[in-house]
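**Student:** Provided herewith is a single structure, encoded as structure tokens, for subsequent inquiry.
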Amino acid sequence: MTGALGRLRARVGEEDGMVTAFVVVFTLALLLMAGLVLDGGLTLAAKVQAIDEAQAAARSGAQAIDIPTYRATGQITLDPAQATTDAEDYLAAAGHSGTVTVNGNQVTVTVSITQPMQILSIGGIDHLTVTGTGTATAEQNGGP
């Protein structure tokens, strides 16, 4: 009986640590998945926020009509300096910065937001930067 019991103990001893390695790998995989879900969702929300703010800032800038030109000719044209200032003021009030470009009657705004990572920072990914772009055109009576 001691021979069989000794062989059984030897067999059990060969698998020492196998469960521990599996648990460690499985736990790391679960943490990675949780990080992708949580931090991915936060990054997606930041992207939506960047797009929304860029579009709103562009609309704000597209309202900077050159009033003297409109009164003289009836044509809608933007005051580029005022459009840029209005869009930048909107972004500043929202707490973000971005680039504003005025081309004719069109205002384009690009906003960048840096999203800190909550779980993936454990793996060395501290933050992700997302950008959003919005364009608005000054038009009379809602367009053609």
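By order of appearance in the structure tokens: chains A, B, ..., then residues from 1 within every chain, and ligands from 1 in the order shown.
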If DSSP is run on the backbone, what residues of stretch 11-102 of chain A are helix (DSSP H, G or I)? A reply as an MDAnalysis selection string would be ideal.
**Tutor:** chainID A and resid 11:14 18:61 67:73 80:94
**Student:** Contacts of A:Ala54 at 9 Å or less, counting only C-alpha atoms, minus same-chain residues fewer than 5 places along, as a PyMOL selection string?
**Tutor:** chain A and resi 49+59+87+91+98+108-111+132-135
**Student:** Within 12 Å of A:Asn103, counting only C-alpha atoms, which residues qualify if same-chain residues fewer than 6 places away don't, as JSON, numbers by chain?
**Tutor:** {"A": [58, 61, 62, 77, 78, 79, 80, 81, 83, 84, 109, 135, 136, 137, 138]}
**Student:** Determine the nearest neighbour of A:Ile119 from the options A:Leu30, A:Ala93, A:Val102, A:Ala45, counting only C-alpha atoms.
**Tutor:**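 Looking at the shortest contact to A:Ile119, the residue is A:Leu30.
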**Student:** Running DSSP on the backbone, which parts of chain A land in strand (DSSP E or B), as a ChimeraX atom specification?
**Tutor:** /A:65,78,98-103,106-116,127-137
**Student:** Between A:Met33, A:Asp52, A:Thr20, A:Gly41, which is the closest to A:Ala94 once you count only C-alpha atoms?
**Tutor:** A:Asp52
**Student:** Could you give me, as a list in words, the residues within 8 Å of A:Glu88, counting only C-alpha atoms and dropping anything in the same chain fewer than 5 positions from it?
**Tutor:** Ala57, Ser97, Gly98 and Val100 of chain A
**Student:** Between atom CA of A:Gln82 and atom CA of A:Glu139, what is the distance in Å, rounded to a tenth?
**Tutor:**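 Spanning atom CA of A:Gln82 to atom CA of A:Glu139 is a straight-line distance of 16.4 Å.
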**Student:** Can you tell me how far atom CA of A:Phe26 sits from atom CA of A:Met117, in Å to one decimal?
**Tutor:** 21.6 Å
**Student:** Within 12 Å of A:Leu38, counting only C-alpha atoms, which residues show up once you throw out same-chain ones fewer than 3 positions away? Write them as a PyMOL selection string, please.
**Tutor:** chain A and resi 31-35+41-45+115-121
**Student:** Nearest to A:Ala56 among A:Ile125, A:Asp86, A:Thr131, A:Thr114, with distances taken over only C-alpha atoms: which residue is it?
**Tutor:**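 Of A:Ile125, A:Asp86, A:Thr131, A:Thr114, the one nearest A:Ala56 is A:Asp86, counting only C-alpha atoms.
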**Student:** May I ask for the distance between atom CA of A:Gln55 and atom CA of A:Thr99, given in Å to one decimal place?
**Tutor:**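 Distance reported for this atom pair: 12.3 Å.
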**Student:** Let me make sure I understand: among A:Val48, A:Ala21, A:Leu28, A:Tyr70, which one has the smallest atom-to-atom distance to A:Ile113 if we use only C-alpha atoms?
**Tutor:**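 Smallest distance to A:Ile113 is found for A:Val48.
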